[in-house]
Structure formats: C-alpha cells, structure tokens
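Structure file coords_18.cif (mmCIF, C-alpha atoms) is printed below.
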```cif
data_query
loop_
_atom_site.label_atom_id
_atom_site.label_comp_id
_atom_site.auth_asym_id
_atom_site.auth_seq_id
_atom_site.Cartn_x
_atom_site.Cartn_y
_atom_site.Cartn_z
CA MET A 8 20.77 -0.38 -61.83
CA VAL A 9 18.62 0.49 -58.84
CA LYS A 10 21.74 0.64 -56.72
CA LYS A 11 23.32 3.05 -59.13
CA ILE A 12 20.29 5.32 -58.99
CA TYR A 13 20.36 5.13 -55.26
CA LEU A 14 23.99 6.13 -54.99
CA HIS A 15 23.40 8.87 -57.46
CA LEU A 16 20.53 10.22 -55.41
CA ILE A 17 22.58 10.15 -52.22
CA PHE A 18 25.34 12.04 -53.96
CA LEU A 19 22.77 14.48 -55.26
CA SER A 20 21.33 15.15 -51.85
CA PHE A 21 24.80 15.76 -50.43
CA PHE A 22 25.32 18.18 -53.21
CA LEU A 23 22.04 19.87 -52.35
CA ILE A 24 23.07 20.14 -48.72
CA LYS A 25 26.37 21.66 -49.71
CA GLU A 26 24.52 24.09 -51.89
CA ALA A 27 22.25 25.02 -49.03
CA PHE A 28 25.27 25.50 -46.75
CA ALA A 29 26.82 27.76 -49.25
CA ALA A 30 23.61 29.73 -49.47
CA GLU A 31 23.56 30.26 -45.71
CA SER A 32 25.35 33.44 -44.85
CA GLY A 33 26.63 32.57 -41.37
CA GLY A 34 27.19 28.80 -41.66
CA MET A 35 26.60 27.55 -38.12
CA PRO A 36 23.92 29.64 -36.43
CA GLN A 37 25.62 28.82 -33.12
CA LEU A 38 28.55 31.02 -34.01
CA ASN A 39 26.39 34.00 -34.86
CA PRO A 40 26.76 36.28 -31.85
CA GLU A 41 23.58 38.21 -32.56
CA PHE A 42 21.56 36.51 -29.81
CA TRP A 43 24.35 35.47 -27.46
CA VAL A 44 23.55 38.08 -24.88
CA SER A 45 19.87 37.26 -25.07
CA GLN A 46 20.60 33.56 -24.61
CA ILE A 47 22.89 34.21 -21.65
CA PHE A 48 20.33 36.51 -20.09
CA TRP A 49 17.46 34.06 -20.45
CA LEU A 50 19.60 31.12 -19.40
CA VAL A 51 20.67 32.88 -16.20
CA LEU A 52 17.12 34.00 -15.54
CA THR A 53 15.36 30.66 -16.12
CA PHE A 54 18.07 28.50 -14.61
CA GLY A 55 18.40 30.82 -11.64
CA ILE A 56 14.70 30.83 -10.92
CA MET A 57 14.51 27.08 -11.36
CA TYR A 58 17.50 26.56 -9.07
CA LEU A 59 16.01 28.80 -6.39
CA VAL A 60 12.59 27.16 -6.51
CA LEU A 61 14.04 23.65 -6.57
CA SER A 62 16.55 24.21 -3.78
CA LYS A 63 14.31 26.27 -1.50
CA LEU A 64 10.91 24.66 -2.01
CA ILE A 65 10.80 21.41 -3.87
CA LEU A 66 13.94 19.44 -3.05
CA PRO A 67 13.59 19.84 0.75
CA LYS A 68 10.05 18.57 0.42
CA ILE A 69 11.15 15.51 -1.56
CA SER A 70 13.94 14.79 0.88
CA ASN A 71 11.50 15.25 3.73
CA ASN A 72 9.05 12.87 2.08
CA LEU A 73 11.75 10.27 1.59
CA GLU A 74 12.96 10.61 5.17
CA SER A 75 9.50 10.44 6.65
CA ARG A 76 8.65 7.42 4.57
CA LYS A 77 11.85 5.71 5.61
CA SER A 78 11.23 6.44 9.28
CA GLN A 79 7.60 5.43 9.01
CA ILE A 80 8.49 2.14 7.39
CA LEU A 81 11.09 1.54 10.09
CA GLU A 82 8.52 2.38 12.75
CA ASN A 83 6.01 0.03 11.21
CA ILE A 84 8.58 -2.73 11.09
CA GLU A 85 9.41 -2.11 14.72
CA ALA A 86 5.77 -2.14 15.69
CA ALA A 87 5.23 -5.37 13.80
CA GLU A 88 8.25 -6.88 15.52
CA LYS A 89 6.93 -5.80 18.89
CA GLN A 90 3.54 -7.22 18.18
CA ARG A 91 5.07 -10.48 17.14
CA GLU A 92 7.06 -10.64 20.34
CA ASP A 93 3.93 -9.82 22.32
CA SER A 94 1.99 -12.54 20.62
CA GLU A 95 4.83 -14.96 21.24
CA THR A 96 4.89 -14.22 24.96
CA LYS A 97 1.11 -14.50 25.03
CA LEU A 98 1.32 -17.83 23.31
CA LYS A 99 3.83 -18.97 25.90
CA GLU A 100 1.55 -17.78 28.69
CA TYR A 101 -1.34 -19.58 27.11
CA ASP A 102 0.72 -22.76 26.86
CA GLN A 103 1.68 -22.45 30.49
CA ILE A 104 -1.92 -21.91 31.54
CA ILE A 105 -2.99 -24.95 29.59
CA LEU A 106 -0.19 -27.01 31.12
CA LYS A 107 -1.09 -25.81 34.59
CA SER A 108 -4.77 -26.52 34.15
CA LYS A 109 -3.95 -29.91 32.77
CA THR A 110 -1.89 -30.86 35.82
CA GLU A 111 -4.55 -29.37 38.05
CA ALA A 112 -7.23 -31.38 36.37
CA ASN A 113 -5.07 -34.46 36.67
CA SER A 114 -4.51 -33.96 40.38
CA MET A 115 -8.18 -33.18 40.90
CA PHE A 116 -9.12 -36.34 39.12
CA ASN A 117 -6.66 -38.34 41.16
CA GLN A 118 -7.93 -36.84 44.38
CA ALA A 119 -11.48 -37.55 43.43
CA ARG A 120 -10.60 -41.08 42.54
CA GLU A 121 -8.80 -41.64 45.81
CA LYS A 122 -11.68 -40.18 47.71
CA ALA A 123 -14.15 -42.31 45.85
CA ILE A 124 -12.04 -45.38 46.49
CA LYS A 125 -11.85 -44.51 50.16
CA ASP A 126 -15.59 -43.96 50.33
CA ILE A 127 -16.27 -47.17 48.58
CA ASN A 128 -13.92 -49.00 50.90
CA ALA A 129 -15.50 -47.46 53.97
CA LYS A 130 -18.98 -48.26 52.77
CA ARG A 131 -17.95 -51.77 51.88
CA ASP A 132 -16.50 -52.23 55.33
CA VAL A 133 -19.71 -51.03 56.92
CA LEU A 134 -21.80 -53.23 54.68
CA ASP A 135 -19.50 -56.18 55.31
CA LYS A 136 -19.89 -55.69 59.00
CA GLN A 137 -23.67 -55.47 58.72
CA ILE A 138 -23.78 -58.54 56.56
CA ASP A 139 -21.55 -60.40 58.94
CA GLU A 140 -23.73 -59.36 61.82
CA GLU A 141 -26.86 -60.42 60.06
CA ILE A 142 -25.33 -63.68 59.04
CA SER A 143 -24.23 -64.37 62.56
CA LYS A 144 -27.67 -63.40 63.84
CA ALA A 145 -29.32 -65.69 61.35
CA GLU A 146 -26.91 -68.44 62.26
CA GLU A 147 -27.70 -67.90 65.91
CA GLU A 148 -31.39 -68.03 65.17
CA ILE A 149 -30.93 -71.16 63.13
CA GLN A 150 -28.87 -72.64 65.94
CA ALA A 151 -31.53 -71.74 68.43
CA LEU A 152 -34.22 -73.16 66.23
CA ARG A 153 -32.18 -76.27 65.74
CA ASP A 154 -31.61 -76.54 69.46
CA THR A 155 -35.24 -76.17 70.26
CA ALA A 156 -36.56 -78.25 67.37
CA PRO A 157 -36.08 -81.83 68.86
CA ASP A 158 -37.84 -80.90 72.07
CA LYS A 159 -40.81 -79.45 70.20
CA ILE A 160 -40.90 -82.42 67.85
CA ASN A 161 -40.76 -84.75 70.82
CA LYS A 162 -43.60 -82.88 72.48
CA ILE A 163 -45.64 -82.99 69.25
CA ALA A 164 -44.87 -86.65 68.90
CA ILE A 165 -45.89 -87.28 72.50
CA ASP A 166 -49.11 -85.31 72.17
CA THR A 167 -49.95 -86.95 68.87
CA SER A 168 -49.17 -90.41 70.16
CA SER A 169 -51.24 -89.91 73.34
CA GLU A 170 -54.20 -88.68 71.35
CA LEU A 171 -53.76 -91.50 68.89
CA LEU A 172 -53.66 -94.05 71.63
CA GLN A 173 -56.67 -92.55 73.29
CA LYS A 174 -58.64 -92.73 70.08
CA LEU A 175 -57.46 -96.23 69.33
CA ILE A 176 -57.81 -97.83 72.68
CA GLY A 177 -60.01 -95.27 74.32
CA ALA A 178 -58.09 -95.31 77.54
CA GLU A 179 -56.21 -92.57 79.22
CA VAL A 180 -52.53 -93.12 78.74
CA ASN A 181 -50.00 -91.72 81.00
CA ASN A 182 -48.12 -88.98 79.25
CA SER A 183 -44.90 -89.64 81.07
CA SER A 184 -44.68 -93.21 79.85
CA ILE A 185 -45.19 -92.09 76.26
CA SER A 186 -42.59 -89.42 76.57
CA ALA A 187 -40.17 -92.02 77.86
CA ILE A 188 -40.81 -94.14 74.80
CA VAL A 189 -40.52 -91.16 72.43
CA ASP A 190 -37.31 -90.09 74.09
CA ASP A 191 -35.97 -93.53 73.71
CA LEU A 192 -37.01 -93.67 70.04
CA SER A 193 -35.71 -90.27 69.23
CA ARG A 194 -32.42 -91.07 70.86
CA ARG A 195 -32.18 -94.21 68.86
CA ASN A 196 -33.30 -92.61 65.57
CA GLY A 197 -32.00 -89.08 66.29
CA ASP A 198 -29.09 -89.50 64.01
CA LYS A 199 -31.40 -90.52 61.21
CA TYR A 200 -33.51 -87.32 61.43
CA TYR A 201 -31.12 -84.59 62.37
CA GLY A 202 -27.99 -85.44 60.58
CA ASN A 203 -25.30 -83.91 62.57
CA MET Y 23 11.33 24.67 -47.13
CA ALA Y 24 14.05 24.19 -44.57
CA ALA Y 25 16.31 21.92 -46.57
CA ASN Y 26 19.31 23.19 -44.68
CA PRO Y 27 20.00 20.88 -41.74
CA MET Y 28 21.51 23.77 -39.84
CA SER Y 29 18.43 25.95 -40.04
CA GLN Y 30 16.93 24.08 -37.07
CA PHE Y 31 19.52 25.82 -34.90
CA ASP Y 32 18.50 29.29 -35.99
CA VAL Y 33 17.61 31.62 -33.18
CA TYR Y 34 14.92 34.12 -33.99
CA ARG Y 35 13.13 36.79 -32.10
CA ILE Y 36 9.64 36.15 -30.78
CA GLY Y 37 7.83 39.39 -30.15
CA PRO Y 38 9.44 42.82 -29.95
CA GLU Y 39 13.10 43.61 -29.67
CA ILE Y 40 14.13 44.27 -26.09
CA LYS Y 41 17.30 46.23 -25.53
CA VAL Y 42 19.04 47.00 -22.27
CA GLY Y 43 21.75 49.49 -23.02
CA ALA Y 44 23.73 48.09 -25.87
CA PHE Y 45 22.57 44.53 -25.16
CA ASP Y 46 19.81 42.80 -27.02
CA ILE Y 47 17.90 40.55 -24.61
CA SER Y 48 14.92 39.90 -26.85
CA PHE Y 49 12.70 36.94 -26.19
CA THR Y 50 13.69 34.24 -28.68
CA ASN Y 51 12.78 30.65 -29.44
CA ALA Y 52 15.76 29.67 -27.28
CA SER Y 53 14.28 31.60 -24.37
CA LEU Y 54 10.92 29.96 -25.04
CA PHE Y 55 12.37 26.48 -24.76
CA MET Y 56 14.39 27.38 -21.68
CA ILE Y 57 11.15 28.50 -20.09
CA ILE Y 58 9.30 25.40 -21.28
CA SER Y 59 12.02 23.15 -19.85
CA THR Y 60 12.25 24.90 -16.49
CA VAL Y 61 8.49 25.17 -16.13
CA SER Y 62 8.00 21.49 -16.89
CA ILE Y 63 10.76 20.56 -14.43
CA LEU Y 64 9.17 22.68 -11.73
CA LEU Y 65 5.72 21.33 -12.52
CA ILE Y 66 6.75 17.70 -12.47
CA PHE Y 67 8.76 18.00 -9.28
CA ASN Y 68 6.17 20.14 -7.61
CA LEU Y 69 3.50 17.55 -8.37
CA GLY Y 70 5.88 14.81 -7.32
CA SER Y 71 6.52 16.36 -3.93
CA LYS Y 72 3.03 17.58 -3.06
CA LYS Y 73 1.58 14.50 -1.51
CA ASN Y 74 3.53 12.23 0.73
CA SER Y 75 1.92 8.85 0.57
CA ILE Y 76 3.61 5.70 1.76
CA LEU Y 77 2.81 4.14 -1.59
CA PRO Y 78 3.94 6.81 -4.09
CA ASN Y 79 1.98 7.48 -7.25
CA LYS Y 80 3.71 7.59 -10.61
CA ILE Y 81 4.75 11.23 -10.62
CA GLN Y 82 5.92 11.04 -7.02
CA LEU Y 83 7.91 7.95 -7.84
CA LEU Y 84 9.47 9.77 -10.79
CA ALA Y 85 10.46 12.73 -8.63
CA GLU Y 86 11.84 10.54 -5.87
CA LEU Y 87 13.71 8.24 -8.22
CA SER Y 88 15.34 11.26 -9.88
CA TYR Y 89 16.20 12.63 -6.46
CA THR Y 90 17.83 9.41 -5.29
CA PHE Y 91 19.53 8.93 -8.67
CA VAL Y 92 21.25 12.33 -8.55
CA SER Y 93 21.89 12.04 -4.84
CA LYS Y 94 23.59 8.68 -5.33
CA MET Y 95 25.59 10.01 -8.28
CA ILE Y 96 26.92 12.86 -6.16
CA SER Y 97 27.73 10.79 -3.12
CA ASP Y 98 29.45 8.18 -5.28
CA THR Y 99 31.68 10.61 -7.13
CA ALA Y 100 32.18 13.53 -4.75
CA GLY Y 101 31.48 12.05 -1.35
CA SER Y 102 29.43 13.44 1.51
CA LYS Y 103 31.11 16.85 1.42
CA ALA Y 104 29.27 17.64 -1.81
CA LYS Y 105 25.88 17.61 -0.07
CA PRO Y 106 25.47 21.43 -0.11
CA TYR Y 107 25.86 21.45 -3.89
CA PHE Y 108 23.20 18.80 -4.42
CA ALA Y 109 20.50 21.28 -5.41
CA PHE Y 110 22.74 22.90 -8.02
CA ILE Y 111 23.82 19.64 -9.60
CA PHE Y 112 20.26 18.37 -9.52
CA SER Y 113 19.04 21.53 -11.29
CA LEU Y 114 21.88 21.30 -13.75
CA PHE Y 115 21.19 17.68 -14.61
CA MET Y 116 17.48 18.24 -14.94
CA PHE Y 117 17.91 21.41 -17.00
CA VAL Y 118 20.28 19.79 -19.47
CA LEU Y 119 18.21 16.61 -19.60
CA PHE Y 120 14.94 18.42 -20.24
CA CYS Y 121 16.48 20.75 -22.82
CA ASN Y 122 17.98 17.75 -24.62
CA MET Y 123 14.74 15.78 -24.47
CA PHE Y 124 12.57 18.67 -25.64
CA GLY Y 125 14.91 18.99 -28.57
CA MET Y 126 13.95 15.47 -29.61
CA ILE Y 127 10.40 16.54 -30.38
CA PRO Y 128 10.08 17.53 -34.05
CA TYR Y 129 9.96 21.27 -34.80
CA THR Y 130 11.33 22.17 -31.39
CA PHE Y 131 14.51 24.02 -30.60
CA THR Y 132 17.39 22.42 -28.71
CA VAL Y 133 18.70 24.92 -26.21
CA THR Y 134 21.79 22.85 -25.43
CA SER Y 135 22.84 22.72 -29.10
CA HIS Y 136 24.15 26.25 -28.73
CA ILE Y 137 27.74 26.64 -27.64
CA ILE Y 138 27.03 29.86 -25.81
CA VAL Y 139 24.50 28.17 -23.50
CA THR Y 140 26.68 25.19 -22.71
CA PHE Y 141 29.72 27.42 -22.37
CA VAL Y 142 28.02 29.69 -19.85
CA LEU Y 143 27.01 26.66 -17.80
CA ALA Y 144 30.49 25.14 -18.04
CA ALA Y 145 32.21 28.43 -17.26
CA PHE Y 146 30.00 28.95 -14.24
CA ILE Y 147 30.85 25.44 -13.04
CA PHE Y 148 34.55 25.99 -13.70
CA ILE Y 149 34.66 29.29 -11.83
CA GLY Y 150 32.51 27.97 -9.03
CA VAL Y 151 34.64 24.86 -8.57
CA THR Y 152 37.83 26.90 -8.62
CA VAL Y 153 36.46 29.33 -6.04
CA ILE Y 154 35.31 26.45 -3.83
CA GLY Y 155 38.74 24.85 -4.16
CA PHE Y 156 40.55 28.00 -3.09
CA ILE Y 157 38.13 28.62 -0.22
CA LYS Y 158 38.49 25.08 1.08
CA HIS Y 159 42.24 24.65 0.66
CA GLY Y 160 43.65 28.17 0.18
CA PHE Y 161 46.75 28.16 -1.97
CA GLY Y 162 47.06 24.48 -1.18
CA TYR Y 163 44.56 24.00 -3.99
CA LEU Y 164 47.46 24.63 -6.37
CA LYS Y 165 48.80 21.23 -5.29
CA LEU Y 166 46.18 19.88 -7.68
CA PHE Y 167 48.66 20.69 -10.45
CA VAL Y 168 51.50 18.82 -8.79
CA PRO Y 169 50.74 15.11 -8.78
CA SER Y 170 52.56 13.12 -6.16
CA GLY Y 171 55.11 10.49 -7.11
CA VAL Y 172 56.33 12.24 -10.24
CA PRO Y 173 60.09 12.41 -10.86
CA ALA Y 174 61.48 15.93 -10.35
CA VAL Y 175 62.78 16.03 -13.92
CA LEU Y 176 59.32 15.55 -15.35
CA LEU Y 177 57.64 17.88 -12.89
CA PRO Y 178 57.72 21.13 -14.89
CA LEU Y 179 56.24 19.36 -17.90
CA ILE Y 180 53.57 17.61 -15.83
CA VAL Y 181 52.59 20.83 -14.10
CA VAL Y 182 52.17 22.59 -17.45
CA ILE Y 183 50.08 19.70 -18.75
CA GLU Y 184 47.95 19.66 -15.60
CA ILE Y 185 47.33 23.40 -15.83
CA ILE Y 186 46.35 23.14 -19.47
CA SER Y 187 44.04 20.23 -18.75
CA TYR Y 188 42.49 22.14 -15.88
CA LEU Y 189 41.93 25.23 -17.97
CA SER Y 190 40.47 23.24 -20.82
CA ARG Y 191 37.79 21.81 -18.57
CA PRO Y 192 35.11 24.38 -19.37
CA ILE Y 193 35.84 24.10 -23.07
CA SER Y 194 35.70 20.31 -23.13
CA LEU Y 195 32.61 20.28 -20.95
CA SER Y 196 30.71 22.77 -23.10
CA VAL Y 197 31.90 21.55 -26.48
CA ARG Y 198 31.08 17.95 -25.63
CA LEU Y 199 27.45 18.69 -24.94
CA PHE Y 200 26.99 21.22 -27.72
CA ALA Y 201 28.73 19.10 -30.35
CA ASN Y 202 26.81 15.97 -29.42
CA MET Y 203 23.51 17.74 -29.61
CA MET Y 204 24.31 19.57 -32.81
CA ALA Y 205 25.76 16.52 -34.58
CA GLY Y 206 22.88 14.28 -33.63
CA HIS Y 207 20.22 16.72 -34.70
CA THR Y 208 22.03 17.57 -37.92
CA MET Y 209 22.36 13.90 -38.76
CA MET Y 210 18.69 13.30 -38.14
CA LYS Y 211 17.81 16.22 -40.34
CA VAL Y 212 20.12 14.98 -43.10
CA PHE Y 213 18.59 11.52 -43.03
CA GLY Y 214 15.15 13.05 -42.96
CA GLY Y 215 16.15 15.03 -46.07
CA PHE Y 216 17.24 11.77 -47.73
CA VAL Y 217 13.83 10.27 -47.10
CA ILE Y 218 12.21 13.13 -48.96
CA SER Y 219 14.70 13.27 -51.82
CA LEU Y 220 14.76 9.49 -52.41
CA GLY Y 221 10.99 9.30 -52.30
CA ILE Y 222 8.85 6.20 -52.11
CA VAL Y 223 11.39 3.96 -53.87
CA GLY Y 224 14.59 4.48 -51.93
CA GLY Y 225 13.38 6.44 -48.93
CA TRP Y 226 12.85 3.41 -46.74
CA LEU Y 227 16.52 2.89 -45.93
CA PRO Y 228 17.16 6.41 -44.60
CA LEU Y 229 13.77 6.27 -42.90
CA SER Y 230 14.80 3.17 -40.97
CA PHE Y 231 18.10 4.92 -40.17
CA SER Y 232 16.11 7.88 -38.94
CA VAL Y 233 14.06 5.67 -36.66
CA ALA Y 234 17.20 4.05 -35.26
CA LEU Y 235 18.86 7.45 -34.91
CA THR Y 236 15.90 8.77 -32.94
CA GLY Y 237 16.41 6.02 -30.40
CA LEU Y 238 20.14 6.68 -30.33
CA GLU Y 239 19.60 10.42 -29.94
CA ILE Y 240 17.25 9.92 -27.00
CA LEU Y 241 19.97 7.80 -25.42
CA VAL Y 242 22.55 10.47 -26.20
CA ALA Y 243 20.29 13.16 -24.78
CA PHE Y 244 20.14 11.33 -21.48
CA LEU Y 245 23.77 10.29 -21.57
CA GLN Y 246 25.08 13.79 -22.24
CA ALA Y 247 23.03 15.23 -19.40
CA TYR Y 248 24.42 12.49 -17.18
CA VAL Y 249 27.97 13.08 -18.36
CA PHE Y 250 27.62 16.81 -17.85
CA ALA Y 251 26.39 16.30 -14.29
CA ILE Y 252 28.90 13.62 -13.40
CA LEU Y 253 31.85 15.64 -14.73
CA THR Y 254 30.65 18.53 -12.61
CA CYS Y 255 30.65 16.13 -9.66
CA ILE Y 256 34.17 14.99 -10.49
CA TYR Y 257 35.45 18.58 -10.72
CA LEU Y 258 33.70 19.31 -7.46
CA ASN Y 259 35.33 16.26 -5.94
CA ASP Y 260 38.75 17.62 -6.95
CA ALA Y 261 37.93 20.89 -5.24
CA LEU Y 262 36.49 19.34 -2.09
CA ASN Y 263 38.80 16.41 -1.50
CA LEU Y 264 42.26 17.28 -2.79
CA HIS Y 265 43.57 13.88 -3.83
CA HIS Y 266 46.81 14.69 -5.56
#
```

Entire entry expressed as structure tokens:
Amino acid sequence: MVKKIYLHLIFLSFFLIKEAFAAESGGMPQLNPEFWVSQIFWLVLTFGIMYLVLSKLILPKISNNLESRKSQILENIEAAEKQREDSETKLKEYDQIILKSKTEANSMFNQAREKAIKDINAKRDVLDKQIDEEISKAEEEIQALRDTAPDKINKIAIDTSSELLQKLIGAEVNNSSISAIVDDLSRRNGDKYYGN
Amino acid sequence: MAANPMSQFDVYRIGPEIKVGAFDISFTNASLFMIISTVSILLIFNLGSKKNSILPNKIQLLAELSYTFVSKMISDTAGSKAKPYFAFIFSLFMFVLFCNMFGMIPYTFTVTSHIIVTFVLAAFIFIGVTVIGFIKHGFGYLKLFVPSGVPAVLLPLIVVIEIISYLSRPISLSVRLFANMMAGHTMMKVFGGFVISLGIVGGWLPLSFSVALTGLEILVAFLQAYVFAILTCIYLNDALNLHH
C-alpha cells in the first residue's frame, strides 16, 4: 500500500516537472541567446585578467618558491653531509692522537722502568761493594783481634799469676819463669780455648 | 517557488542594462560567479605564494600542490615542449574547477553549465592549438590527418574521419563539460523536489539519494575540470609533437 502511494507520488512529481517544463517558455535557459554576448564578454574579461595575473605575478612566484625550497633543501643536505664528513675525519684524528699518546705513554713508562731498574742496580752494586768492604774490614778487625787475643790473655794470665803467687807466698817471683809456664800451658790447652 | 529544475540555470541581469552598440553586456549572475571564482582563485594563490617558508603553511601547501599537480599533468601528457602553455592550462583548470565547485553551493549559479561559456573556452583552445600546430609544423601539421601504416585503399575514408574527429573536438570538449554540469545539477534539483513532494513519510529515500548525489557531483566537478584540462593537454601534445 505504502509502496503504491510512493510510486504514485513519484509519478506525480514527474508530471509536475513536465508541467513546469511546459510552462517555461524557452525550455533550456542555456539555449536562450539573450545573454550570450554578455557571458562571452565577462568570461573573456575575468578569465583574461585571471590569466594575466596568474601568469605574470603569481605562478612565477610559486615556481620560484618551489625552486628555492628545493635548492635550499639540497644545500642543507650537502652541508649536513659535509659536517658529517668533517666530524668523521675529526674522529679519526682523535683516534690517532689517542693511539699516539698511548704508545708514547707506554714508551715513557718503559723508559722510566728501565731507568729505575738501572738506578736500582747501580745503587745495589754500590751498596754491595760497601757492605763487602765493611764485612772485610770487620773480618780483618776480628782477625787482628783474634791474632792479638792469645798474647794479651797470656800477659793477663802471667800478671795475674805473678800477683797471685806474690800474695800467696809473699815472695817475688820471676816473671819470665811464669811466662814460660803459661806459654807451656797455653800451648798445651790452646786448642781447648781457641777452637781453630 | 522554483519547482522547475531548469530555473537554476536562468541568467538574469544584476543592475542596469549595459549596451555596447547592438550588444548587451549587462552584468548578470553568471558574470558575478565568474568574478567570484576568479577572485577566489587569485586570492588563494596570492596568499599561497606570498611567504616562502621551508615548512609551508596550509594555503601555501595548497597552492604548491596545485602547481605541481597541473605541472605534472602537462609534462606527462604533452611533454616538456608544453612548458610555455603551463600558465594557460593552469588558469583553465582552476577556472573550470572553481566554477564547478561554486556551483555545488546551494543557491549559486554554475557558470560552466552554460554551453556558450564552455564553447567559447573550447573554441579558443581549438583555434589556439590549431594555430600552434601550423606555426610549429607549417603545412606538415596536416599530416595529423594521415595516420601512418594505413592501407592506401582506406586512406581517403580515414582522412575524412580524422578531419571530422578533429573538427568535432571543440564541440565534444564543450558539450562534455556543459552536459555533465547541467545533468548533475538538474538531477539534484529533481531529487530535492522529490523530498519536498513526498514529505516526511517518503522523503527520506530521495533525501539519501540527494546526499549521495552531492558527493558524486563534487567528484564530477573535479573530474570534469581535470578532463577539460587534460584534453587540452592532449590536443596541445598533438600540435607540439606530431606523432602520426
């Protein structure tokens, strides 16, 4: 039912349109030549002015803008590339400097070590010599003391014995006879007291 | 009430009647919309070309994208020789596009829905292209009508067909644009009329059609401007680089 009404209405509106067409005197207004000249005139005028302004003023500016942007972007890219290259070379230089300083430091360290070792060796040699000298001196002194010790002991023994005898027997005893006895004793017991 | 779907194409005088000799060049609604279109084109592209920043703003981007779009269209279809005609084709494309698009706004007038406007444009293009062809190639331009590799028997027929097709260029170019614009706008008006006559009960269907048609018509408005410009490029290509 609704559909039928719908179709009916559509038909009706077509009919109305047809009616309106029939009422119109000229049909298509496009084919009415009344304003053709006016339209041509205004079209030529507006389009002509627009064409002139666009081609002389605006389009060259746009093309210029595009070109300058393109070139600027290219320039910027180039500059960035250059800077990157620069930084790369600088990095290489820096690496080289570091490498160089490292080897330098190494060699310096080695030199210092060698020098220190040399110094130490020299000083040790000197000290060794001194010690040796002192040892030999001390040994000499000891030897001398050892050499002189039996005689002194003998003398002490002789003096002590003569004083002892004097106190015991009260008579003067000949020192030479005592020394002969002490000599004899010390020769006999020398090994016992002095070892070597 | 304007129930007639054709009444939207009526041209009427705005202001006094201006006559130059026998010719009536009064200011009409058509003239008004030509001026509106050209002024908006000039405004937009003037704004879009004023500043030159590395990062373009919206209007600059619009201007530059249109520029590269038309420039690419020309170089693709007519080659590098068509460079001097860039400004004309750009103006043509923009003029037709803006006239079409302004026509999509309700209660406006569509300049390009009038055969006389499109025909003047097409005739100018046709004459211009023909003149360019004869300047570039002399009478050798007539070789355009003699395709190579055609058997001698068929040649007279082919030449006649080629000449007819060449001469019909301005007609096809102008009628295509005018008919598309007129048909689309008439159809929208008819469907709009249905919405009113069917009322709240049945008006929804034509209303949805109307919405869809609006989208379609915007597409057509762009497409017809594009077709108009690209056909001009193709004709120009024939005149500049004689392929036949």

Legend entry - Between atom CA of Y:Ile57 and atom CA of Y:Leu69, distance in Å (one decimal):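 Between atom CA of Y:Ile57 and atom CA of Y:Leu69 the gap works out to 17.8 Å.
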
Legend entry - Interface, chain A side, toward chain Y (8 Å; only C-alpha atoms) as an NGL selection string: :A and (13 or 16-17 or 20 or 24 or 27-28 or 34-38 or 42-50 or 53-54 or 57-58 or 60-62 or 65-66 or 68-70 or 72-73 or 76)

Legend entry - Selection near A:Ala178, 10 Å with all atoms listed in the file, sequence-local residues under 6 positions removed, as a list in words: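 Everything that qualifies: Ser169, Glu170 and Leu172 of chain A.
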
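One distance worth recording is that between atom CA of Y:Val118 and atom CA of Y:Ala145, which is 14.9 Å.
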
Inset, instruction - Can you turn the PyMOL selection byres ((chain Y and resi 151) around 10) into a concrete residue list for this file, as a list in words? - result: Ala145, Phe146, Ile147, Phe148, Ile149, Gly150, Thr152, Val153, Ile154, Gly155, Phe156, Ile157, Thr254, Cys255, Tyr257, Leu258, Asn259, Asp260, Ala261 and Leu262 of chain Y

Legend entry - Nearest candidate to Y:Phe55 (options Y:Leu84, Y:Ile127, Y:Val233, Y:Ala104; using only C-alpha atoms): Y:Ile127

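Among the candidate residues Y:Val168, Y:Leu245, Y:Met126, Y:Ile222, the one lying nearest to Y:Ile183 is Y:Val168, with distances computed using all atoms listed in the file.
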
Inset, instruction - Kindly give the distance, in Å, that separates atom CA of A:Ile185 and atom CA of A:Ala164, rounded to a single decimal. - result: 9.2 Å
